[in-house]
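See structure below.
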Amino acid sequence: MSEPKVVVITGVSSGIGRAAAVKFAERGCRVFGTVRSLARAQPVPGVVLVEMDVRDEASVQQGIDAIVAQAGRIDVLVNSAGVSLLGATEETSVAEAQSLFDTNVFGILRTTKAALPHMRGQAAGRIVNISSVVGFLPAPYMGLYSASKHAVEGLSESLDHEVRNFGIRVVLVEPSFTKTGLDVNAPHAAVKLSAYNGERDKAFRTIESAINGAPAPDGVAGTVVEAALGAWKMRRTPKGEASLLSKLRRFMPAGPVDAGLRKTFGLV
């Protein structure tokens with residue numbers, strides 16, 4: 001009988017990370033979920049919680065080392081920890097953008113660099129990075145969040161070429177709006193410029209409506225599990241809106257896609 005897969009998931013306090021952790025445990029995997037504070041974290045059934053801050057290299061290394069000390073290996077790393085930000089690009093400060101990238105991009109870099117030596121040593125592994133449809137589409141008034149997800153896409157595709165000779169593959173999961181705390185409680189850029197008031201407010205109402213009508217994270221979590229344990233495929237878009245948008249981006253001319261996006265967000 002084969003040993004259960006050892007799965008590490010960042011950001012299991014809520015949302016997609018938490019839902020995926022539960023599903024991996026239900027599939028018989030040995031699951032370790034990272035949280036920023038054990039003292040404030042709620043238990044996740046079947047999951048061992050590990051304190052780790054993806055913004056801190058020492059914290060990441062300590063967390064990965066602790067997991068390997070317990071489990072002996074890491075078969076799957078799911079980079080789910082992330083933050084969002086709403087606001088016009090001109091309204092977004094460099095400090096706000098740096099903070100966003102520190103979690104969404106450099107957090108993935110830190111955890112990946114810590115896990116890769118173990119995966120290379122065992123000549124096997126799967127890294128699943130949670131991107132978004134705004135990793136391949138523009139996102140007005142979410143420009144820096146979109147930029148961070150575009151960066152995740154480029155990093156992931158490039159990394160896959162670098163590590164596949166070691167038996168390791170990288171996968172992107174690209175959900176659309178999902179009803180999680182990340183989207184519902186997304187912070188706004190601190191500065192507001194009156195020139196953007198009309199369109200920004202229309203865009204925010206569109207985003208709020210999309211979030212309120214979005215599905216729970218279970219569907220995305222199922223896609224994450226299949227991306228980790230199933231046959232390798234570079235991109236995984238959950239069924240529904242994400243899958244449709246992926247096809248539109250690939251096969252429709254740029255003009256109609258651009259016009260449709262502007263209409264959706266109420267932009268003139």
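Residue numbers start at 1 in each chain; chains themselves are named A, B, ... in the order of the structure tokens; ligands are numbered from 1 in the order shown.
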**Asked** Among region 45-208 of chain A, which residues carry a DSSP assignment of strand (DSSP E or B), reported as a list in words?
**Response**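 Secondary structure check on region 45-208 of chain A, strand (DSSP E or B): Val47, Val48, Leu49, Val50, Glu51, Val76, Leu77, Val78, Asn79, Leu86, Gly87, Gly125, Arg126, Ile127, Val128, Asn129, Ile130, Met142, Ile168, Arg169, Val170, Val171, Leu172, Val173 and His188 of chain A.
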May I have the residues from that selection written out with N, CA and C atoms, as a short mmCIF file (atom, residue, chain, number, x, y, z; two decimals), in the first residue's frame?
```cif
data_model
loop_
_atom_site.label_atom_id
_atom_site.label_comp_id
_atom_site.auth_asym_id
_atom_site.auth_seq_id
_atom_site.Cartn_x
_atom_site.Cartn_y
_atom_site.Cartn_z
N VAL A 47 -6.27 18.39 9.22
CA VAL A 47 -5.12 19.19 8.76
C VAL A 47 -4.26 19.59 9.95
N VAL A 48 -2.94 19.42 9.81
CA VAL A 48 -2.00 19.89 10.82
C VAL A 48 -1.64 21.34 10.49
N LEU A 49 -1.89 22.25 11.42
CA LEU A 49 -1.61 23.66 11.19
C LEU A 49 -0.17 23.98 11.56
N VAL A 50 0.45 24.79 10.72
CA VAL A 50 1.84 25.20 10.91
C VAL A 50 1.90 26.71 10.82
N GLU A 51 2.54 27.35 11.79
CA GLU A 51 2.66 28.81 11.76
C GLU A 51 3.71 29.21 10.73
N VAL A 76 3.35 17.75 -2.59
CA VAL A 76 2.58 18.82 -3.23
C VAL A 76 2.70 20.10 -2.41
N LEU A 77 2.98 21.20 -3.09
CA LEU A 77 2.94 22.52 -2.48
C LEU A 77 1.87 23.33 -3.19
N VAL A 78 0.87 23.80 -2.43
CA VAL A 78 -0.18 24.65 -2.99
C VAL A 78 0.01 26.06 -2.42
N ASN A 79 0.33 26.99 -3.30
CA ASN A 79 0.50 28.38 -2.88
C ASN A 79 -0.83 29.11 -3.02
N LEU A 86 -8.13 47.10 -4.29
CA LEU A 86 -8.97 47.78 -5.25
C LEU A 86 -8.56 49.25 -5.33
N GLY A 87 -8.62 49.79 -6.55
CA GLY A 87 -8.29 51.19 -6.74
C GLY A 87 -7.68 51.41 -8.11
N GLY A 125 7.49 15.89 -7.45
CA GLY A 125 6.76 16.93 -6.74
C GLY A 125 5.82 17.67 -7.68
N ARG A 126 4.85 18.33 -7.11
CA ARG A 126 3.89 19.14 -7.86
C ARG A 126 3.70 20.45 -7.09
N ILE A 127 3.83 21.57 -7.81
CA ILE A 127 3.59 22.89 -7.22
C ILE A 127 2.37 23.48 -7.90
N VAL A 128 1.37 23.85 -7.10
CA VAL A 128 0.13 24.42 -7.62
C VAL A 128 0.05 25.87 -7.15
N ASN A 129 0.05 26.79 -8.09
CA ASN A 129 -0.03 28.21 -7.75
C ASN A 129 -1.42 28.75 -8.09
N ILE A 130 -2.05 29.38 -7.11
CA ILE A 130 -3.38 29.94 -7.33
C ILE A 130 -3.23 31.29 -8.00
N MET A 142 -8.43 47.12 -10.50
CA MET A 142 -7.74 46.08 -9.74
C MET A 142 -6.36 45.88 -10.39
N ILE A 168 9.49 17.28 -11.29
CA ILE A 168 8.60 18.25 -10.65
C ILE A 168 7.84 19.01 -11.73
N ARG A 169 6.55 19.23 -11.53
CA ARG A 169 5.75 20.03 -12.47
C ARG A 169 5.01 21.13 -11.71
N VAL A 170 4.73 22.19 -12.44
CA VAL A 170 4.07 23.37 -11.88
C VAL A 170 2.74 23.55 -12.60
N VAL A 171 1.70 23.91 -11.84
CA VAL A 171 0.36 24.08 -12.38
C VAL A 171 -0.22 25.41 -11.92
N LEU A 172 -0.97 26.05 -12.80
CA LEU A 172 -1.71 27.26 -12.45
C LEU A 172 -3.20 26.92 -12.34
N VAL A 173 -3.85 27.39 -11.28
CA VAL A 173 -5.30 27.32 -11.15
C VAL A 173 -5.82 28.74 -11.25
N HIS A 188 -9.08 48.94 -0.08
CA HIS A 188 -9.04 49.94 -1.15
C HIS A 188 -7.77 50.76 -1.02
#
```
Enumerate, in order of chain and increasing residue number, the residues of region 57-83 of chain A with an atom no farther than 7 Å from region 92-113 of chain A, each with its shortest atom pair and distance in Å to one decimal, counting only C-alpha atoms, as a tab-separated table.
```
residue	atom	partner	partner_atom	distance
A:Glu57	CA	A:Arg110	CA	6.1
A:Val60	CA	A:Thr111	CA	6.1
A:Asn79	CA	A:Ile108	CA	6.1
A:Gly82	CA	A:Asn104	CA	5.1
A:Val83	CA	A:Leu100	CA	6.4
```
**Asked** Of the candidates A:Gly230, A:Gly143, A:Gly260, A:Gly219, which shows the shortest atom-to-atom distance to Ala19 (chain A), using only C-alpha atoms?
**Response**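 Checking each candidate against Ala19 (chain A), we get A:Gly219 as the closest.
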**Item:** Distance of CA of Ala123 (chain A) from CA of Glu3 (chain A), expressed in Å to one decimal place
**Value:**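 Taking CA of Glu3 (chain A) as the start and CA of Ala123 (chain A) as the end point, the length is 15.9 Å.
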**Item:** region 234-240 of chain A surroundings by only C-alpha atoms, 10 Å radius, close-in-sequence under 2 positions cut, as a PyMOL selection string
**Value:** chain A and resi 128-133+153+156-157+160+169-176+215+219-224+226-227+231-232+242-247
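Proximity of A:Ala41, A:Val225, A:Val191, A:Val152 to Ala20 (chain A), computed with only C-alpha atoms, is greatest for A:Val225.
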**Prompt:** Quick one: DSSP alpha helix (DSSP H) residues in region 55-199 of chain A, as an MDAnalysis selection string?
**Reply:** chainID A and resid 57:71 94:104 106:122 143:163 181:184 197:199
**Message:** Please report the interatomic distance between CA of Lys192 (chain A) and CA of Glu90 (chain A) in Å with one decimal.
**Reply:**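 That distance, rounded to one decimal, is 9.1 Å.
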**Complete:** Separating CA of Ala114 (chain A) from CA of Pro45 (chain A), to the nearest tenth of an Å, is a gap of 25.7 Å
**Residue nearest Leu261 (chain A) - candidates A:Ser80, A:Val134, A:Lys179, A:Ala190, atoms counted: only C-alpha atoms** =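 Of all the options, A:Val134 lies closest to Leu261 (chain A).
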**Asked** A:Ala214, A:Gly17, A:Ile9, A:Asp75: which is nearest Gly33 (chain A), counting only C-alpha atoms?
**Response**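 Nearest to Gly33 (chain A): A:Ile9.
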**Request:** Could you check which of A:Ala210, A:Ala254, A:Val12, A:Ala21 is closest to Pro138 (chain A), using only C-alpha atoms?
**Result:**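 Once distances to Pro138 (chain A) are computed over only C-alpha atoms, the minimum belongs to A:Ala254.
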**Residue with smallest distance to Leu137 (chain A) - pool A:Arg55, A:Lys23, A:Lys263, A:Arg250, counting only C-alpha atoms** =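 The shortest atom-to-atom distance to Leu137 (chain A) comes from A:Arg250.
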